[in-house]
file final.csv (CSV, C-alpha atoms and all ligand atoms)
chain,number,residue,atom,x,y,z
V,6,MET,CA,11.8,6.1,-22.1
V,7,ASP,CA,11.9,5.3,-18.4
V,8,LYS,CA,8.6,5.5,-16.5
V,9,ILE,CA,10.0,8.0,-14.1
V,10,THR,CA,11.2,10.3,-16.9
V,11,ARG,CA,7.7,10.1,-18.4
V,12,LEU,CA,6.1,10.8,-15.0
V,13,ILE,CA,8.3,13.9,-14.5
V,14,SER,CA,8.1,15.3,-18.1
V,15,SER,CA,4.6,14.5,-19.4
V,16,THR,CA,3.1,17.5,-17.8
V,17,ASP,CA,1.8,20.3,-19.9
V,18,HIS,CA,-1.6,21.5,-18.7
V,19,HIS,CA,-3.4,24.2,-20.6
V,20,ASP,CA,-5.7,27.0,-19.7
V,21,ARG,CA,-6.3,30.0,-21.9
V,22,ILE,CA,-6.3,33.7,-21.0
V,23,GLY,CA,-6.1,36.5,-23.5
V,24,GLY,CA,-6.0,34.1,-26.4
V,25,LYS,CA,-2.7,32.6,-25.1
V,26,ALA,CA,-2.2,29.2,-23.5
V,27,ILE,CA,-1.1,29.3,-19.9
V,28,ARG,CA,1.2,26.2,-19.9
V,29,MET,CA,1.5,24.8,-16.4
V,30,VAL,CA,3.7,21.9,-15.3
V,31,ASN,CA,1.0,20.9,-12.8
V,32,PRO,CA,-2.7,20.1,-13.4
V,33,PRO,CA,-5.3,22.7,-12.4
V,34,VAL,CA,-7.1,21.9,-9.1
V,35,SER,CA,-10.7,22.4,-10.2
V,36,ALA,CA,-13.2,22.1,-7.4
V,37,GLY,CA,-16.8,21.7,-8.1
V,38,SER,CA,-19.9,19.6,-8.4
V,39,THR,CA,-21.7,21.2,-11.4
V,40,VAL,CA,-20.1,20.9,-14.8
V,41,LEU,CA,-22.0,22.9,-17.5
V,42,PHE,CA,-22.8,21.1,-20.8
V,43,GLU,CA,-22.2,22.9,-24.1
V,44,ASN,CA,-25.7,22.0,-25.3
V,45,TYR,CA,-28.8,19.8,-24.9
V,46,ARG,CA,-27.4,17.1,-27.1
V,47,ASP,CA,-24.4,16.5,-24.7
V,48,PHE,CA,-26.8,16.6,-21.7
V,49,ALA,CA,-28.9,14.0,-23.3
V,50,LEU,CA,-25.9,11.8,-24.1
V,51,ALA,CA,-24.8,12.1,-20.4
V,52,GLY,CA,-28.3,10.7,-19.4
V,53,THR,CA,-27.6,7.6,-21.4
V,54,GLY,CA,-24.1,7.2,-20.1
V,55,GLU,CA,-22.5,7.8,-23.5
V,56,TYR,CA,-21.1,11.3,-23.0
V,57,PRO,CA,-17.3,11.1,-23.4
V,58,GLY,CA,-16.6,14.2,-21.3
V,59,VAL,CA,-17.1,15.0,-17.6
V,60,SER,CA,-20.7,15.4,-16.5
V,61,TYR,CA,-20.4,15.9,-12.8
V,62,GLY,CA,-17.8,16.5,-10.0
V,63,THR,CA,-17.9,12.8,-9.1
V,64,ASP,CA,-16.7,12.0,-12.6
V,65,ARG,CA,-13.2,12.9,-11.5
V,66,LEU,CA,-11.7,16.2,-12.6
V,67,SER,CA,-8.2,17.0,-13.9
V,68,ALA,CA,-6.2,16.5,-10.7
V,69,GLN,CA,-7.9,13.2,-9.9
V,70,ARG,CA,-7.5,11.9,-13.5
V,71,CYS,CA,-3.8,13.0,-13.7
V,72,LEU,CA,-3.1,11.1,-10.4
V,73,GLU,CA,-4.9,8.0,-11.6
V,74,GLU,CA,-3.1,8.0,-15.0
V,75,ALA,CA,0.3,8.4,-13.3
V,76,LEU,CA,-0.3,5.6,-10.9
V,77,ALA,CA,-1.7,3.2,-13.5
V,78,GLU,CA,1.4,3.8,-15.6
V,79,LEU,CA,3.7,3.2,-12.7
V,80,GLU,CA,1.9,0.0,-11.7
V,81,GLY,CA,1.7,-1.2,-15.3
V,82,GLY,CA,-2.1,-1.3,-15.0
V,83,GLN,CA,-4.9,-0.7,-17.5
V,84,LEU,CA,-6.3,2.0,-15.3
V,85,CYS,CA,-6.6,3.2,-11.7
V,86,ARG,CA,-9.1,4.6,-9.3
V,87,VAL,CA,-8.4,6.7,-6.2
V,88,PHE,CA,-10.2,6.3,-2.8
V,89,GLN,CA,-10.5,8.3,0.4
V,90,SER,CA,-7.9,6.2,2.2
V,91,GLY,CA,-5.9,3.0,1.8
V,92,ILE,CA,-8.5,1.0,3.9
V,93,SER,CA,-11.3,2.5,1.8
V,94,ALA,CA,-9.5,1.2,-1.3
V,95,ILE,CA,-9.3,-2.2,0.2
V,96,THR,CA,-12.8,-2.6,1.5
V,97,HIS,CA,-14.3,-1.2,-1.7
V,98,THR,CA,-12.2,-3.6,-3.8
V,99,LEU,CA,-13.5,-6.5,-1.8
V,100,GLN,CA,-17.1,-5.3,-2.2
V,101,ALA,CA,-16.6,-4.7,-5.9
V,102,CYS,CA,-15.3,-8.2,-6.5
V,103,LEU,CA,-17.3,-10.4,-4.1
V,104,SER,CA,-21.0,-11.5,-3.9
V,105,SER,CA,-23.1,-13.3,-1.4
V,106,GLY,CA,-22.1,-16.9,-1.1
V,107,ASP,CA,-18.4,-16.3,-2.1
V,108,HIS,CA,-15.4,-17.4,-0.1
V,109,LEU,CA,-12.0,-15.6,0.0
V,110,LEU,CA,-8.5,-16.5,1.1
V,111,ILE,CA,-6.5,-13.8,2.8
V,112,CYS,CA,-2.9,-13.9,4.2
V,113,GLU,CA,-2.8,-13.8,8.0
V,114,ASN,CA,-0.1,-11.1,8.0
V,115,VAL,CA,-2.4,-8.4,6.4
V,116,TYR,CA,-2.9,-4.9,7.8
V,117,GLY,CA,-5.1,-5.3,10.9
V,118,PRO,CA,-8.2,-3.3,9.7
V,119,THR,CA,-8.2,-5.4,6.4
V,120,ALA,CA,-8.5,-8.6,8.5
V,121,ARG,CA,-11.1,-7.0,10.8
V,122,PHE,CA,-13.3,-6.1,7.8
V,123,CYS,CA,-13.2,-9.7,6.6
V,124,ARG,CA,-13.9,-11.1,10.0
V,125,GLU,CA,-16.6,-8.6,11.1
V,126,VAL,CA,-18.3,-7.1,8.1
V,127,LEU,CA,-18.2,-9.6,5.2
V,128,PRO,CA,-20.0,-12.4,7.1
V,129,ARG,CA,-23.1,-10.1,7.3
V,130,PHE,CA,-23.2,-10.3,3.5
V,131,ASN,CA,-22.7,-14.1,3.5
V,132,ILE,CA,-19.1,-13.9,2.4
V,133,GLU,CA,-16.7,-16.2,4.3
V,134,THR,CA,-13.0,-15.7,4.9
V,135,ASP,CA,-10.2,-18.2,5.6
V,136,PHE,CA,-6.8,-16.9,6.7
V,137,VAL,CA,-3.8,-18.7,5.2
V,138,PRO,CA,-0.2,-18.7,6.3
V,139,ALA,CA,1.7,-15.5,5.7
V,140,ALA,CA,4.6,-17.1,3.7
V,141,ILE,CA,2.3,-19.0,1.4
V,142,GLY,CA,3.1,-20.0,-2.2
V,143,ALA,CA,1.8,-22.9,-4.4
V,144,ASP,CA,0.5,-24.6,-1.2
V,145,ILE,CA,-2.4,-22.1,-1.4
V,146,GLU,CA,-4.1,-24.6,-3.6
V,147,THR,CA,-5.0,-26.8,-0.6
V,148,PHE,CA,-7.1,-24.0,0.8
V,149,ILE,CA,-9.2,-23.4,-2.3
V,150,ARG,CA,-12.9,-24.4,-2.0
V,151,PRO,CA,-15.5,-24.7,-4.7
V,152,ARG,CA,-16.9,-21.3,-3.7
V,153,THR,CA,-13.6,-19.5,-3.4
V,154,ARG,CA,-13.6,-16.4,-5.6
V,155,LEU,CA,-10.7,-14.2,-4.5
V,156,ILE,CA,-7.2,-14.4,-3.0
V,157,PHE,CA,-5.9,-11.3,-1.0
V,158,LEU,CA,-2.2,-10.9,-0.5
V,159,GLU,CA,0.1,-8.4,1.3
V,160,SER,CA,3.7,-9.0,0.5
V,161,PRO,CA,5.6,-8.3,2.6
V,162,GLY,CA,3.1,-8.1,5.4
V,163,SER,CA,3.5,-4.6,6.9
V,164,ASN,CA,3.9,-5.8,10.5
V,165,THR,CA,5.9,-9.1,10.3
V,166,PHE,CA,7.3,-8.8,6.8
V,167,GLU,CA,6.7,-12.3,5.3
V,168,ILE,CA,6.9,-12.6,1.5
V,169,GLN,CA,4.5,-14.6,-0.6
V,170,ASP,CA,5.4,-16.4,-3.8
V,171,VAL,CA,3.2,-14.2,-5.9
V,172,PRO,CA,3.8,-15.8,-9.4
V,173,ALA,CA,3.1,-19.3,-7.9
V,174,ILE,CA,-0.2,-18.1,-6.4
V,175,THR,CA,-1.3,-16.2,-9.5
V,176,ALA,CA,-0.6,-19.2,-11.7
V,177,ILE,CA,-3.0,-21.3,-9.6
V,178,ALA,CA,-5.5,-18.5,-9.4
V,179,ARG,CA,-5.6,-18.2,-13.2
V,180,LYS,CA,-6.1,-21.9,-13.6
V,181,ARG,CA,-9.1,-21.8,-11.2
V,182,ASP,CA,-10.4,-18.5,-12.5
V,183,LEU,CA,-10.0,-16.7,-9.2
V,184,ILE,CA,-9.3,-12.9,-8.7
V,185,THR,CA,-6.1,-12.0,-7.0
V,186,VAL,CA,-5.6,-8.7,-5.1
V,187,ILE,CA,-2.5,-7.4,-3.4
V,188,ASP,CA,-1.8,-4.7,-0.9
V,189,ASN,CA,1.4,-3.2,-2.5
V,190,THR,CA,1.9,-0.4,-0.1
V,191,TRP,CA,5.3,-1.5,1.4
V,192,ALA,CA,7.2,-1.7,-1.9
V,193,THR,CA,5.3,0.9,-3.9
V,194,PRO,CA,5.0,0.3,-7.7
V,195,LEU,CA,8.7,1.4,-8.0
V,196,TYR,CA,10.0,-1.7,-6.1
V,197,PHE,CA,7.3,-4.3,-6.9
V,198,GLN,CA,5.1,-4.7,-9.9
V,199,PRO,CA,2.4,-7.3,-9.0
V,200,LEU,CA,0.3,-6.8,-12.1
V,201,THR,CA,3.2,-8.0,-14.3
V,202,LEU,CA,3.3,-11.1,-12.1
V,203,GLY,CA,-0.4,-11.9,-12.8
V,204,VAL,CA,-2.1,-10.1,-10.0
V,205,ASP,CA,-5.4,-8.5,-11.1
V,206,LEU,CA,-5.7,-5.6,-8.7
V,207,SER,CA,-2.9,-3.8,-6.9
V,208,ILE,CA,-3.7,-1.5,-3.9
V,209,GLN,CA,-1.7,1.4,-2.5
V,210,SER,CA,-2.3,3.3,0.6
V,211,LEU,CA,-1.1,6.6,-0.9
V,212,THR,CA,-1.0,7.9,2.7
V,213,LYS,CA,2.4,6.2,3.1
V,214,TYR,CA,5.3,6.7,0.7
V,215,ILE,CA,3.4,8.2,-2.2
V,216,SER,CA,2.2,11.1,-0.1
V,217,GLY,CA,5.3,10.9,2.0
V,218,HIS,CA,4.6,13.9,4.2
V,219,SER,CA,2.1,12.5,6.8
V,220,ASP,CA,-0.4,15.2,5.7
V,221,LEU,CA,-2.8,13.2,3.6
V,222,LEU,CA,-5.0,10.1,3.6
V,223,LEU,CA,-5.7,8.5,0.2
V,224,GLY,CA,-5.7,5.1,-1.4
V,225,ALA,CA,-5.5,3.7,-5.0
V,226,VAL,CA,-6.4,0.6,-6.9
V,227,SER,CA,-4.7,-0.2,-10.2
V,228,VAL,CA,-6.2,-3.0,-12.3
V,229,ASN,CA,-5.4,-5.1,-15.3
V,230,GLU,CA,-7.6,-5.4,-18.3
V,231,ARG,CA,-9.4,-8.5,-17.0
V,232,CYS,CA,-10.8,-6.8,-13.9
V,233,ALA,CA,-11.0,-3.2,-15.1
V,234,HIS,CA,-14.8,-3.2,-15.6
V,235,LEU,CA,-15.4,-4.7,-12.1
V,236,LEU,CA,-13.6,-1.6,-10.6
V,237,THR,CA,-14.9,1.1,-12.9
V,238,ASP,CA,-18.5,0.0,-12.9
V,239,TYR,CA,-18.5,-0.2,-9.1
V,240,TYR,CA,-16.7,3.2,-8.7
V,241,ARG,CA,-19.2,4.9,-11.0
V,242,THR,CA,-22.3,3.3,-9.5
V,243,LEU,CA,-21.2,4.3,-5.9
V,244,GLU,CA,-20.2,7.8,-7.2
V,245,LEU,CA,-17.0,7.5,-5.2
V,246,PHE,CA,-14.6,10.5,-5.4
V,247,VAL,CA,-11.7,12.2,-3.6
V,248,SER,CA,-11.0,15.9,-3.2
V,249,PRO,CA,-9.1,17.5,-6.0
V,250,GLN,CA,-6.8,19.2,-3.4
V,251,ASP,CA,-5.8,15.8,-2.0
V,252,ALA,CA,-5.3,14.3,-5.4
V,253,TYR,CA,-3.1,17.2,-6.3
V,254,LEU,CA,-1.0,16.8,-3.2
V,255,ALA,CA,-0.5,13.1,-3.9
V,256,LEU,CA,0.5,13.8,-7.5
V,257,ARG,CA,3.0,16.4,-6.3
V,258,SER,CA,4.6,14.0,-3.9
V,259,LEU,CA,4.6,11.2,-6.5
V,260,LYS,CA,7.1,13.1,-8.6
V,261,THR,CA,9.7,12.9,-5.9
V,262,LEU,CA,8.9,9.3,-4.8
V,263,GLU,CA,12.0,7.7,-6.4
V,264,VAL,CA,14.5,9.9,-4.7
V,265,ARG,CA,12.8,9.8,-1.3
V,266,LEU,CA,12.4,6.0,-1.5
V,267,GLN,CA,16.1,5.5,-2.3
V,268,ARG,CA,17.0,7.5,0.9
V,269,HIS,CA,14.5,5.6,3.0
V,270,GLU,CA,15.9,2.3,1.6
V,271,GLU,CA,19.6,3.1,2.3
V,272,SER,CA,19.0,4.4,5.8
V,273,ALA,CA,16.7,1.5,6.8
V,274,LEU,CA,19.3,-1.0,5.6
V,275,GLU,CA,22.1,0.7,7.5
V,276,ILE,CA,20.0,0.7,10.7
V,277,ALA,CA,18.8,-2.9,10.1
V,278,HIS,CA,22.4,-4.1,9.8
V,279,TRP,CA,23.4,-2.2,12.9
V,280,LEU,CA,20.5,-3.8,14.9
V,281,GLU,CA,21.4,-7.3,13.5
V,282,ARG,CA,24.9,-7.0,15.0
V,283,ARG,CA,23.5,-6.3,18.5
V,284,ALA,CA,23.4,-9.2,21.1
V,285,ASP,CA,20.1,-8.1,22.6
V,286,ILE,CA,18.2,-8.3,19.2
V,287,ASP,CA,16.7,-11.6,18.2
V,288,GLN,CA,15.5,-11.2,14.6
V,289,VAL,CA,15.5,-8.2,12.3
V,290,LEU,CA,12.4,-8.7,10.1
V,291,HIS,CA,13.6,-7.1,6.8
V,292,PRO,CA,13.2,-9.0,3.6
V,293,ALA,CA,16.4,-7.5,2.0
V,294,LEU,CA,18.5,-9.1,4.7
V,295,PRO,CA,20.0,-12.5,3.6
V,296,LYS,CA,18.9,-14.1,6.9
V,297,HIS,CA,15.2,-13.3,6.2
V,298,PRO,CA,13.4,-16.6,5.5
V,299,GLN,CA,12.0,-15.5,2.2
V,300,HIS,CA,15.0,-13.4,1.1
V,301,ALA,CA,15.4,-15.4,-2.1
V,302,LEU,CA,11.8,-14.6,-3.1
V,303,TRP,CA,12.3,-10.9,-2.3
V,304,GLN,CA,15.5,-10.9,-4.5
V,305,ARG,CA,13.7,-12.6,-7.3
V,306,ASP,CA,10.6,-10.4,-7.4
V,307,PHE,CA,11.5,-7.0,-5.9
V,308,ARG,CA,13.6,-4.2,-7.2
V,309,GLY,CA,14.3,-2.6,-3.8
V,310,SER,CA,13.2,-2.3,-0.2
V,311,SER,CA,11.5,0.5,1.6
V,312,GLY,CA,12.1,2.0,5.0
V,313,LEU,CA,9.7,0.0,7.1
V,314,PHE,CA,10.9,-3.1,9.1
V,315,ALA,CA,10.8,-4.6,12.5
V,316,PHE,CA,12.8,-6.4,15.1
V,317,THR,CA,12.3,-8.7,18.1
V,318,PHE,CA,14.3,-9.0,21.3
V,319,ARG,CA,16.0,-12.1,22.6
V,320,GLN,CA,14.6,-11.6,26.0
V,321,ASP,CA,11.0,-10.9,27.1
V,322,TYR,CA,11.2,-7.6,28.9
V,323,PRO,CA,8.5,-6.5,31.3
V,324,GLU,CA,6.1,-3.9,29.9
V,325,GLU,CA,7.6,-1.1,32.1
V,326,LYS,CA,11.0,-1.6,30.5
V,327,ILE,CA,9.6,-1.5,27.0
V,328,ALA,CA,7.7,1.7,28.0
V,329,THR,CA,11.0,3.3,29.2
V,330,PHE,CA,12.8,2.2,26.0
V,331,ILE,CA,10.1,3.7,23.7
V,332,ASP,CA,9.7,6.9,25.8
V,333,THR,CA,13.5,7.4,25.8
V,334,LEU,CA,13.6,7.7,22.0
V,335,GLU,CA,13.7,11.3,20.9
V,336,LEU,CA,13.8,11.1,17.1
V,337,PHE,CA,11.3,8.3,16.7
V,338,GLY,CA,7.8,9.5,17.1
V,339,LEU,CA,5.3,7.0,18.7
V,340,GLY,CA,2.4,6.9,16.2
V,341,TYR,CA,0.6,5.0,13.5
V,342,SER,CA,1.2,5.2,9.8
V,343,TRP,CA,4.5,5.3,8.0
V,344,GLY,CA,6.4,6.3,4.9
V,345,GLY,CA,6.7,10.0,5.9
V,346,PHE,CA,9.8,12.1,6.4
V,347,LYS,CA,9.8,11.6,10.2
V,348,SER,CA,10.9,8.3,11.7
V,349,LEU,CA,8.2,6.5,13.7
V,350,VAL,CA,8.1,3.5,16.1
V,351,THR,CA,5.2,1.2,17.0
V,352,VAL,CA,5.0,-1.9,19.1
V,353,GLY,CA,2.9,-5.0,18.5
V,354,ARG,CA,2.9,-8.7,19.3
V,355,TYR,CA,3.1,-11.9,17.3
V,356,GLU,CA,-0.2,-13.6,17.3
V,357,ARG,CA,-0.3,-17.3,17.9
V,358,ARG,CA,-0.8,-18.2,14.3
V,359,GLN,CA,2.0,-16.0,13.0
V,360,GLY,CA,5.8,-16.8,13.1
V,361,GLY,CA,7.9,-15.9,16.2
V,362,ARG,CA,7.1,-16.8,19.8
V,363,PRO,CA,3.4,-16.3,20.5
V,364,GLY,CA,3.1,-13.0,22.3
V,365,GLN,CA,6.7,-12.0,21.4
V,366,LEU,CA,7.1,-8.3,21.1
V,367,VAL,CA,7.7,-6.8,17.6
V,368,VAL,CA,9.1,-3.3,17.4
V,369,ARG,CA,8.4,-1.7,14.1
V,370,LEU,CA,10.4,1.2,12.7
V,371,SER,CA,9.5,3.5,9.9
V,372,ILE,CA,12.8,5.0,8.9
V,373,GLY,CA,12.4,8.6,7.8
V,374,LEU,CA,14.7,11.1,6.1
V,375,GLU,CA,16.8,12.1,9.1
V,376,LYS,CA,20.5,11.2,9.0
V,377,PRO,CA,20.9,7.5,9.9
V,378,ALA,CA,23.8,8.1,12.3
V,379,ASP,CA,21.5,10.2,14.4
V,380,LEU,CA,18.7,7.6,14.3
V,381,ILE,CA,21.2,4.9,15.4
V,382,SER,CA,22.4,7.1,18.3
V,383,ASP,CA,18.8,7.5,19.4
V,384,LEU,CA,18.2,3.8,19.3
V,385,ARG,CA,21.4,3.1,21.1
V,386,ARG,CA,20.4,5.4,23.9
V,387,GLY,CA,16.9,3.8,24.0
V,388,LEU,CA,18.1,0.2,24.0
V,389,ALA,CA,20.7,1.0,26.8
V,390,VAL,CA,17.8,1.4,29.3
V,391,LEU,CA,16.8,-2.3,28.7
V,392,GLY,CA,20.1,-3.2,30.3
E,1,LIG,C1,-1.7,2.1,6.4
E,1,LIG,C2,-2.0,0.9,5.6
E,1,LIG,C3,-3.2,0.7,4.9
E,1,LIG,C4,-4.4,1.7,5.1
E,1,LIG,O1,-4.1,2.9,4.6
E,1,LIG,P1,-4.8,4.3,5.1
E,1,LIG,O2,-4.6,5.2,4.0
E,1,LIG,O3,-4.2,4.6,6.4
E,1,LIG,O4,-6.2,3.9,5.3
E,1,LIG,C5,-3.4,-0.4,4.2
E,1,LIG,N1,-2.4,-1.3,4.0
E,1,LIG,C6,-1.2,-1.2,4.6
E,1,LIG,C7,-0.2,-2.2,4.4
E,1,LIG,C8,-1.0,-0.1,5.5
E,1,LIG,O5,0.2,0.0,6.1
call {"tool": "encode", "arguments": {"input": "final.csv", "output": "structure tokens"}}
result
Amino acid sequence: MDKITRLISSTDHHDRIGGKAIRMVNPPVSAGSTVLFENYRDFALAGTGEYPGVSYGTDRLSAQRCLEEALAELEGGQLCRVFQSGISAITHTLQACLSSGDHLLICENVYGPTARFCREVLPRFNIETDFVPAAIGADIETFIRPRTRLIFLESPGSNTFEIQDVPAITAIARKRDLITVIDNTWATPLYFQPLTLGVDLSIQSLTKYISGHSDLLLGAVSVNERCAHLLTDYYRTLELFVSPQDAYLALRSLKTLEVRLQRHEESALEIAHWLERRADIDQVLHPALPKHPQHALWQRDFRGSSGLFAFTFRQDYPEEKIATFIDTLELFGLGYSWGGFKSLVTVGRYERRQGGRPGQLVVRLSIGLEKPADLISDLRRGLAVLG
């Protein structure tokens, strides 16, 4: 049976009233800290950590557990844990896997706050980071040091869209007994399955496509058998948890992820092709376009593309012109995050060590669920002001 069919159909949640089961297609949202034990024996077992049931609110109640199970299944993982946000999932994963004296390698195209955590917080715990080129593959071997413990990937990078050769990297990591982690937010587990390619931990910002409605912040980590204990022991020790209401909302949206994502994909490709044909556009940074430098890797490893991509201009326009372009757009909201129903735009710049011209402007679009023809009209009007 297809995973999507199982996600949609394996939902029969019971409560009992009047001796009859109330069969719901959604899990109950039980809120609470205290969970009452049946008897002293169970209470004593909980004290030794051997109680199989739930002993406290932080143990994850029905809604959280249903979400975790659904995500683990989609990612092809052994299990999953849910965190307060995507960045919380990332920083906790790094802390769960690393110790004082360790060294990690991280791709230079990662989500900004991920890089900031490695630069500003990890050194205080004597953990050192080296940034490696965004389009790295087997050449990662040259960066490995004796103290290297972990490799962190983001493919494609969510600002400049380089793709890494994940199987080549995980083959080397296995040989050297290193942990590999990937931020899989762009593709979602529907379009990329890093755990099947040898990655140990796959992270999602559920805030993006999985929640899909810009009304929720959550993150998730799915893990293979090899690293499952690292994650669960850490999660339990820190008594991390998310609210049942948030978990419920994420699970609700997860059921419609496939249809939403198909629409994001089609619309984004239509708009990317339209931009590619314009004389004022330099590059369209979208891995599903044949001109993308790592298109062959994308074709080999991914099942589809999502709705987030970027483009650069041939000319360096003055800041005021860019401001007019952005402020002229009516359908594209100017704001962070992505993967929701509404189209968004943000503007960044290539850093020196990334591709493109240093300082070159990168306009990033999150294509929502509006009709693509209307989005194209909006962009056409906006671009016209650049003259
Ligand atoms: C947004 C984002 C995150 C962080 O997710 P939050 O839920 O907003 O904390 C992590 N990685 C990528 C690639 C993102 O785009």
call {"tool": "closest_residue", "arguments": {"input": "final.csv", "among": "V:Ile9, V:Val186, V:Ala26, V:Ala315", "to": "V:Leu294", "atoms": "all atoms listed in the file"}}
result
V:Ala315
call {"tool": "closest_atom_pairs", "arguments": {"input": "final.csv", "of": "chain V", "to": "ligand LIG 1 (chain E)", "cutoff": "7 Å", "atoms": "all atoms listed in the file", "output": "Markdown table"}}
result
| residue | atom | partner | partner_atom | distance |
| --- | --- | --- | --- | --- |
| V:Ser90 | CA | E:LIG1 | O2 | 3.9 |
| V:Gly91 | CA | E:LIG1 | O1 | 3.3 |
| V:Ile92 | CA | E:LIG1 | O4 | 4.0 |
| V:Ser93 | CA | E:LIG1 | O4 | 6.3 |
| V:Val115 | CA | E:LIG1 | C7 | 6.9 |
| V:Tyr116 | CA | E:LIG1 | C7 | 5.1 |
| V:Glu159 | CA | E:LIG1 | C7 | 6.9 |
| V:Gly162 | CA | E:LIG1 | C7 | 6.8 |
| V:Ser163 | CA | E:LIG1 | C7 | 5.1 |
| V:Asp188 | CA | E:LIG1 | N1 | 6.0 |
| V:Thr190 | CA | E:LIG1 | C7 | 5.3 |
| V:Trp191 | CA | E:LIG1 | C7 | 6.3 |
| V:Ser210 | CA | E:LIG1 | O1 | 4.4 |
| V:Leu211 | CA | E:LIG1 | O2 | 6.2 |
| V:Thr212 | CA | E:LIG1 | O2 | 4.7 |
| V:Lys213 | CA | E:LIG1 | C1 | 6.7 |
| V:Leu222 | CA | E:LIG1 | O2 | 4.9 |
| V:Leu223 | CA | E:LIG1 | O2 | 5.2 |
| V:Gly224 | CA | E:LIG1 | O2 | 5.5 |
| V:Ser342 | CA | E:LIG1 | C1 | 5.4 |
call {"tool": "residues_around", "arguments": {"input": "final.csv", "residues": "V:Lys8", "least_positions_apart": "2", "cutoff": "8 Å", "atoms": "all atoms listed in the file", "output": "PyMOL selection string"}}
result
chain V and resi 6+10-12+78-79
call {"tool": "residues_around", "arguments": {"input": "final.csv", "residues": "V:Glu270", "least_positions_apart": "5", "cutoff": "8 Å", "atoms": "all atoms listed in the file", "output": "list in words"}}
result
Gly309, Ser310, Ser311 and Gly312 of chain V
call {"tool": "closest_residue", "arguments": {"input": "final.csv", "among": "V:Thr53, V:Asp287, V:Pro199, V:Leu66", "to": "V:Arg362", "atoms": "all atoms listed in the file"}}
result
V:Asp287
call {"tool": "residues_around", "arguments": {"input": "final.csv", "residues": "stretch 120-126 of chain V", "least_positions_apart": "2", "cutoff": "10 Å", "atoms": "all atoms listed in the file", "output": "list in words"}}
result
Ile92, Ile95, Thr96, Leu99, Leu109, Leu110, Ile111, Cys112, Glu113, Asn114, Val115, Tyr116, Gly117, Pro118, Pro128, Arg129, Phe130, Asn131, Ile132, Glu133, Thr134, Asp135 and Phe136 of chain V
call {"tool": "residues_around", "arguments": {"input": "final.csv", "residues": "V:Lys347", "least_positions_apart": "2", "cutoff": "7 Å", "atoms": "all atoms listed in the file", "output": "short mmCIF file (atom, residue, chain, number, x, y, z; two decimals) with C-alpha atoms, in the frame of the given file"}}
result
data_model
loop_
_atom_site.label_atom_id
_atom_site.label_comp_id
_atom_site.auth_asym_id
_atom_site.auth_seq_id
_atom_site.Cartn_x
_atom_site.Cartn_y
_atom_site.Cartn_z
CA GLY V 345 6.70 10.00 5.90
CA LEU V 349 8.20 6.50 13.70
CA GLY V 373 12.40 8.60 7.80
CA LEU V 374 14.70 11.10 6.10
#
call {"tool": "closest_residue", "arguments": {"input": "final.csv", "among": "V:Thr185, V:Val137, V:Lys25, V:Leu41", "to": "V:Ile156", "atoms": "all atoms listed in the file"}}
result
V:Thr185
call {"tool": "closest_residue", "arguments": {"input": "final.csv", "among": "V:Met29, V:Tyr196, V:Glu230, V:Val59", "to": "V:Asp47", "atoms": "all atoms listed in the file"}}
result
V:Val59
call {"tool": "residues_around", "arguments": {"input": "final.csv", "residues": "V:Asn164", "least_positions_apart": "5", "cutoff": "10 Å", "atoms": "all atoms listed in the file", "output": "list of chain:residue names"}}
result
V:Asn114, V:Val115, V:Tyr116, V:Gly117, V:Leu290, V:Leu313, V:Phe314, V:Ala315, V:Thr351, V:Val352, V:Gly353, V:Arg354, V:Tyr355, V:Val367, V:Val368, V:Arg369, V:Leu370
